[in-house]
file input_19.txt (compact mmCIF, C-alpha atoms and all ligand atoms)
# COMPACT_ATOMS: atom_id res chain seq x y z
CA MET J 1 58.31 -58.24 94.11
CA GLN J 2 56.39 -55.04 93.44
CA PRO J 3 58.60 -52.02 92.56
CA LYS J 4 58.87 -49.37 95.27
CA LEU J 5 58.66 -46.55 92.72
CA PHE J 6 57.31 -46.11 89.20
CA ASP J 7 58.75 -43.81 86.54
CA ILE J 8 55.52 -43.52 84.59
CA HIS J 9 56.94 -41.69 81.57
CA CYS J 10 60.30 -42.31 79.91
CA HIS J 11 61.66 -42.81 76.39
CA LEU J 12 64.34 -45.48 76.64
CA ASP J 13 63.85 -46.44 73.00
CA PHE J 14 65.48 -43.12 71.99
CA SER J 15 68.98 -43.18 70.47
CA GLU J 16 70.46 -41.50 73.58
CA PHE J 17 70.30 -44.98 75.16
CA ASP J 18 71.71 -46.99 72.25
CA LYS J 19 75.05 -47.55 74.00
CA ASP J 20 73.81 -48.63 77.43
CA ARG J 21 70.03 -49.27 77.31
CA GLU J 22 70.28 -52.61 79.17
CA GLU J 23 72.40 -51.10 81.95
CA VAL J 24 70.02 -48.16 82.37
CA ILE J 25 67.02 -50.47 82.67
CA LYS J 26 68.79 -52.84 85.04
CA ARG J 27 70.02 -49.94 87.22
CA ALA J 28 66.42 -48.89 87.73
CA LEU J 29 64.95 -52.38 88.19
CA SER J 30 67.64 -53.52 90.64
CA ASN J 31 66.80 -50.48 92.77
CA GLY J 32 63.09 -51.29 92.82
CA ILE J 33 62.06 -48.83 90.09
CA GLY J 34 59.51 -49.92 87.49
CA MET J 35 58.82 -47.88 84.37
CA VAL J 36 56.50 -47.08 81.50
CA ASN J 37 58.22 -46.53 78.15
CA VAL J 38 56.16 -44.11 76.14
CA GLY J 39 55.85 -44.46 72.36
CA THR J 40 55.89 -41.28 70.27
CA ASP J 41 55.15 -42.75 66.82
CA TYR J 42 54.60 -46.19 65.31
CA GLU J 43 58.27 -47.23 65.30
CA SER J 44 58.95 -45.92 68.79
CA SER J 45 55.77 -47.61 70.09
CA LYS J 46 56.96 -50.92 68.63
CA LYS J 47 60.34 -50.52 70.34
CA ALA J 48 58.65 -49.63 73.65
CA ILE J 49 56.72 -52.92 73.45
CA GLU J 50 59.90 -54.86 72.67
CA LEU J 51 61.48 -53.50 75.87
CA ALA J 52 58.35 -54.25 77.88
CA GLU J 53 58.35 -57.85 76.63
CA LYS J 54 61.92 -58.30 77.81
CA TYR J 55 61.60 -57.16 81.43
CA GLU J 56 59.21 -57.57 84.30
CA HIS J 57 57.92 -54.20 85.65
CA VAL J 58 58.65 -52.49 82.33
CA TYR J 59 55.50 -51.45 80.46
CA ALA J 60 54.73 -49.55 77.26
CA THR J 61 52.29 -47.07 75.81
CA VAL J 62 51.64 -46.61 72.09
CA GLY J 63 50.77 -43.33 70.43
CA LEU J 64 51.51 -40.45 68.12
CA HIS J 65 53.11 -37.42 69.77
CA PRO J 66 52.02 -34.01 68.42
CA HIS J 67 55.65 -33.47 67.29
CA SER J 68 55.48 -36.66 65.24
CA ILE J 69 52.52 -35.60 63.12
CA HIS J 70 54.15 -34.87 59.82
CA LEU J 71 52.89 -37.66 57.69
CA GLY J 72 51.27 -35.54 55.05
CA VAL J 73 47.91 -36.08 56.67
CA LYS J 74 45.26 -33.50 56.16
CA PRO J 75 42.41 -33.44 58.64
CA PRO J 76 39.82 -34.75 58.98
CA SER J 77 41.05 -37.84 57.15
CA GLU J 78 42.23 -40.69 59.30
CA CYS J 79 45.91 -40.73 60.11
CA PRO J 80 47.54 -43.82 58.56
CA SER J 81 49.38 -44.53 61.81
CA ILE J 82 46.22 -44.99 63.86
CA PRO J 83 45.12 -48.41 62.52
CA LYS J 84 48.72 -49.60 62.95
CA LEU J 85 48.79 -48.30 66.52
CA LYS J 86 45.48 -50.03 67.17
CA ALA J 87 47.06 -53.39 66.43
CA LEU J 88 49.84 -52.62 68.93
CA ALA J 89 47.45 -51.20 71.54
CA LYS J 90 45.98 -54.61 72.29
CA HIS J 91 49.32 -56.00 73.48
CA PRO J 92 48.99 -57.11 77.14
CA LYS J 93 51.94 -54.97 78.32
CA VAL J 94 50.57 -51.82 76.69
CA VAL J 95 49.14 -49.83 79.59
CA GLY J 96 48.01 -46.69 77.79
CA ILE J 97 47.51 -44.70 74.60
CA GLY J 98 49.96 -41.84 73.97
CA GLU J 99 52.04 -39.88 73.99
CA CYS J 100 49.28 -37.86 72.42
CA GLY J 101 47.87 -34.39 72.86
CA LEU J 102 48.31 -30.80 71.77
CA ASP J 103 51.46 -28.66 71.61
CA TYR J 104 50.91 -25.13 70.35
CA LYS J 105 54.45 -24.14 71.25
CA PHE J 106 55.76 -26.56 68.65
CA GLN J 107 56.22 -24.80 65.34
CA ASP J 108 55.93 -27.02 62.29
CA THR J 109 56.84 -24.88 59.34
CA ARG J 110 55.45 -27.37 56.80
CA ASN J 111 51.92 -26.20 57.49
CA ASN J 112 50.46 -22.90 58.56
CA ASN J 113 49.50 -22.51 62.18
CA GLN J 114 45.79 -23.17 61.85
CA THR J 115 46.39 -26.30 59.75
CA ASN J 116 48.78 -27.56 62.43
CA ILE J 117 46.26 -26.94 65.17
CA ASN J 118 43.47 -28.68 63.25
CA LEU J 119 45.73 -31.61 62.48
CA GLN J 120 46.84 -31.97 66.09
CA LYS J 121 43.26 -31.84 67.34
CA SER J 122 42.07 -34.40 64.79
CA ILE J 123 44.85 -36.88 65.59
CA PHE J 124 44.40 -36.39 69.32
CA LYS J 125 40.68 -37.18 69.00
CA GLN J 126 41.45 -40.31 66.99
CA GLN J 127 43.70 -41.47 69.83
CA ILE J 128 41.03 -40.73 72.47
CA GLU J 129 38.67 -42.90 70.44
CA LEU J 130 41.30 -45.62 70.26
CA ALA J 131 41.78 -45.45 74.06
CA LEU J 132 38.03 -45.81 74.58
CA GLU J 133 37.88 -48.68 72.13
CA VAL J 134 40.68 -50.69 73.73
CA ASN J 135 39.72 -49.49 77.22
CA LYS J 136 43.14 -48.12 78.19
CA PRO J 137 44.06 -44.76 79.77
CA LEU J 138 45.56 -41.80 77.91
CA MET J 139 49.12 -40.50 78.37
CA ILE J 140 48.73 -36.85 77.43
CA HIS J 141 51.26 -34.19 76.40
CA CYS J 142 50.06 -30.58 76.51
CA ARG J 143 51.97 -27.32 76.05
CA ASP J 144 50.28 -23.94 75.72
CA ALA J 145 47.01 -25.62 74.72
CA HIS J 146 45.19 -26.47 77.95
CA GLU J 147 42.03 -24.58 77.03
CA ASP J 148 41.51 -26.53 73.78
CA LEU J 149 42.61 -29.80 75.33
CA LEU J 150 40.20 -29.43 78.24
CA ALA J 151 37.39 -28.62 75.80
CA ILE J 152 38.07 -31.83 73.84
CA LEU J 153 38.30 -33.98 76.99
CA SER J 154 35.09 -32.43 78.37
CA THR J 155 33.19 -33.39 75.24
CA TYR J 156 34.33 -37.00 75.50
CA TYR J 157 33.73 -36.98 79.26
CA SER J 158 30.10 -36.02 78.74
CA LEU J 159 29.66 -39.13 76.59
CA HIS J 160 31.92 -41.64 78.35
CA SER J 161 32.56 -40.28 81.85
CA THR J 162 33.38 -43.56 83.53
CA ARG J 163 35.57 -44.94 80.77
CA LEU J 164 37.58 -41.84 79.90
CA GLN J 165 40.76 -41.81 81.96
CA GLY J 166 44.40 -40.88 81.91
CA ASN J 167 47.21 -38.61 82.97
CA LEU J 168 48.63 -35.23 81.99
CA HIS J 169 52.36 -35.82 81.92
CA PHE J 170 55.02 -33.15 82.75
CA PHE J 171 52.19 -30.97 83.95
CA SER J 172 52.74 -27.37 82.87
CA GLY J 173 49.35 -25.77 83.42
CA THR J 174 47.97 -23.61 86.21
CA TRP J 175 46.33 -24.73 89.44
CA GLU J 176 42.92 -23.85 87.97
CA GLU J 177 43.62 -26.06 84.96
CA ALA J 178 44.87 -28.88 87.21
CA GLN J 179 41.54 -28.77 89.08
CA LYS J 180 39.63 -29.03 85.82
CA TYR J 181 41.61 -32.16 84.88
CA PHE J 182 40.87 -33.67 88.32
CA ASP J 183 37.17 -32.95 87.80
CA LEU J 184 37.33 -34.98 84.57
CA GLY J 185 38.91 -37.85 86.50
CA PHE J 186 42.46 -37.27 85.21
CA SER J 187 45.70 -37.31 87.19
CA ILE J 188 48.85 -35.24 86.63
CA SER J 189 52.53 -36.19 86.85
CA PHE J 190 55.64 -34.24 87.71
CA ALA J 191 59.16 -34.50 86.34
CA GLY J 192 62.67 -33.08 86.97
CA PRO J 193 61.76 -29.36 87.04
CA VAL J 194 60.06 -29.82 90.42
CA THR J 195 63.55 -30.27 91.92
CA TYR J 196 64.68 -26.79 90.91
CA ASP J 197 61.37 -24.92 90.70
CA VAL J 198 60.81 -22.23 93.28
CA GLY J 199 57.22 -21.29 92.67
CA ARG J 200 54.50 -22.43 90.32
CA ILE J 201 55.11 -26.20 90.13
CA THR J 202 55.83 -26.42 93.87
CA ASP J 203 52.55 -24.68 94.55
CA ILE J 204 50.62 -27.14 92.37
CA VAL J 205 52.35 -30.13 94.00
CA SER J 206 51.48 -28.84 97.46
CA ARG J 207 47.81 -28.33 96.58
CA ALA J 208 47.17 -31.42 94.43
CA PRO J 209 45.31 -34.34 96.09
CA ILE J 210 47.82 -37.07 96.85
CA ASN J 211 45.80 -39.73 95.01
CA LYS J 212 45.98 -37.66 91.79
CA ILE J 213 49.74 -37.35 91.33
CA MET J 214 52.48 -39.52 89.88
CA ILE J 215 56.19 -39.23 89.23
CA GLU J 216 58.13 -39.47 86.00
CA THR J 217 61.52 -38.62 84.50
CA ASP J 218 60.67 -38.06 80.80
CA SER J 219 64.15 -39.53 80.17
CA PRO J 220 66.35 -38.65 78.35
CA PHE J 221 65.09 -35.09 78.91
CA ALA J 222 64.89 -32.75 81.90
CA ALA J 223 67.16 -34.46 84.45
CA PRO J 224 66.41 -33.49 88.06
CA ALA J 225 68.87 -31.74 90.35
CA PRO J 226 71.68 -32.66 91.04
CA PHE J 227 71.95 -34.18 87.54
CA ARG J 228 70.49 -31.18 85.69
CA GLY J 229 71.95 -30.80 82.20
CA GLN J 230 72.96 -34.47 81.95
CA ARG J 231 71.09 -37.27 80.21
CA ASN J 232 68.16 -38.30 82.38
CA GLU J 233 67.29 -41.94 83.26
CA PRO J 234 64.61 -43.72 85.35
CA PHE J 235 67.02 -44.28 88.29
CA TYR J 236 66.87 -40.50 88.93
CA VAL J 237 63.11 -40.64 89.58
CA GLN J 238 64.12 -41.00 93.25
CA GLU J 239 65.28 -37.36 93.30
CA ILE J 240 61.83 -36.26 92.13
CA ALA J 241 60.14 -38.44 94.76
CA LYS J 242 62.38 -36.93 97.49
CA LYS J 243 61.45 -33.41 96.46
CA ILE J 244 57.74 -34.17 96.31
CA ALA J 245 57.93 -35.77 99.77
CA GLN J 246 59.53 -32.58 101.06
CA ILE J 247 56.84 -30.34 99.49
CA LYS J 248 54.03 -32.57 100.73
CA ASN J 249 55.57 -32.88 104.17
CA LEU J 250 55.53 -36.66 103.97
CA THR J 251 58.33 -39.19 104.27
CA TYR J 252 60.11 -40.48 101.17
CA GLU J 253 58.69 -43.95 101.89
CA GLU J 254 55.16 -42.59 102.03
CA ILE J 255 55.54 -40.80 98.69
CA CYS J 256 56.97 -43.94 97.09
CA LYS J 257 54.08 -46.00 98.39
CA ILE J 258 51.33 -43.57 97.37
CA THR J 259 52.62 -42.67 93.90
CA THR J 260 53.29 -46.34 93.13
CA LYS J 261 49.76 -47.19 94.23
CA ASN J 262 48.46 -44.44 91.90
CA ALA J 263 50.57 -45.70 88.98
CA LEU J 264 49.31 -49.24 89.51
CA LYS J 265 45.72 -48.07 89.75
CA ILE J 266 45.76 -45.67 86.77
CA PHE J 267 48.01 -47.53 84.36
CA ILE J 268 49.43 -50.90 85.27
CA ASN J 269 46.58 -52.77 86.95
CA ASN J 270 44.01 -50.85 85.00
CA VAL J 271 44.45 -53.06 81.98
CA ASN J 272 44.14 -56.79 81.83
CA ILE J 273 47.66 -58.03 82.20
ZN ZN K 301 57.45 -37.79 76.64
call {"tool": "encode", "arguments": {"input": "input_19.txt", "output": "structure tokens", "more": "lines below"}}
Ligand SMILES: [Zn+2]
result
Amino acid sequence: MQPKLFDIHCHLDFSEFDKDREEVIKRALSNGIGMVNVGTDYESSKKAIELAEKYEHVYATVGLHPHSIHLGVKPPSECPSIPKLKALAKHPKVVGIGECGLDYKFQDTRNNNQTNINLQKSIFKQQIELALEVNKPLMIHCRDAHEDLLAILSTYYSLHSTRLQGNLHFFSGTWEEAQKYFDLGFSISFAGPVTYDVGRITDIVSRAPINKIMIETDSPFAAPAPFRGQRNEPFYVQEIAKKIAQIKNLTYEEICKITTKNALKIFINNVNI
């Protein structure tokens, strides 16, 4: 049976779940919640695939998170992880490339700021090329870098408009930026903060086209109310769905149905499984 909800971005391979990973996954699945485990480097991507192989309705993405770029790579040389990720990317349960993107809030003291920015951009572009090559959507992380990220996506869009696709996870930009992502064919997803936000995120949720939004937990981080401050897990994605239903003035069932349809369209059924 098809899940009633999809947590499209979680990290159950992280050590926070070492003691009860199976229980956490089963708690979600037995309540009709499917999930996408998002890889953040080569090892984590491999573990995400292992989990996806074990359970129905559990999928994986493979990628190199901007926080994981500390491999002594100097742009523009090719990152050694990319060819390894490419081998994983072809796995039938891999539904996207990422977590990749730009994070200018992240301070890596090993390099100066400009070197970090150049490195992040170079590795992000390599992952966009990988996504185009294997024909899978991007799972993008972006903090304080929307202008540069939009510029990079626009360049690729002008060359590959119909094939470039993906989602901005834990969306943190403005409404104007959200519109620019929609124009490039991208969707955005919302996590726990929507349950305790009183302004900016609520406003974006209320204005965003319903076929462009999805729901995620980003477990183990950012648990929604009433679990704020605790370890997050996919089961709690229901709280985020409830809040989005309230903002959108739709029923909980309607939000489940629509966001699941979007997740299936953008990630799960988008690749040849
Ligand atoms: Zn993440």
call {"tool": "residues_near_point", "arguments": {"input": "input_19.txt", "point": "(52.4, -31.5, 67.0)", "cutoff": "8 Å", "atoms": "only C-alpha atoms", "output": "list in words"}}
result
His65, Pro66, His67, Ser68, Ile69, Gly101, Leu102, Asp103, Tyr104, Phe106, Gln107, Asp108, Asn116, Ile117 and Gln120 of chain J
call {"tool": "residues_near_ligand", "arguments": {"input": "input_19.txt", "ligand": "ligand ZN 301 (chain K)", "cutoff": "8 Å", "atoms": "all atoms listed in the file", "output": "PyMOL selection string"}}
result
chain J and resi 9-11+38+40+99+141+169+218-219
call {"tool": "residues_around", "arguments": {"input": "input_19.txt", "residues": "J:Gln238", "least_positions_apart": "5", "cutoff": "12 Å", "atoms": "all atoms listed in the file", "output": "ChimeraX atom specification"}}
result
/J:4-7,28,31-34,191-192,195,215-217,223-227,232-233,243-245,252-253,255-256,259
call {"tool": "atom_distance", "arguments": {"input": "input_19.txt", "atom1": "atom CA of J:Leu119", "atom2": "atom CA of J:Gly185"}}
result
25.7 Å
call {"tool": "closest_residue", "arguments": {"input": "input_19.txt", "among": "J:Gln246, J:Ser158, J:Gln126, J:Ser172", "to": "J:Asp144", "atoms": "all atoms listed in the file"}}
result
J:Ser172
call {"tool": "atom_distance", "arguments": {"input": "input_19.txt", "atom1": "atom CA of J:Thr202", "atom2": "atom CA of J:Gln230"}}
result
22.4 Å
call {"tool": "atom_distance", "arguments": {"input": "input_19.txt", "atom1": "atom CA of J:Glu129", "atom2": "atom CA of J:Tyr156"}}
result
8.9 Å
call {"tool": "closest_residue", "arguments": {"input": "input_19.txt", "among": "J:Met214, J:Met35, J:Leu149, J:Leu164", "to": "J:Lys136", "atoms": "only C-alpha atoms"}}
result
J:Leu164
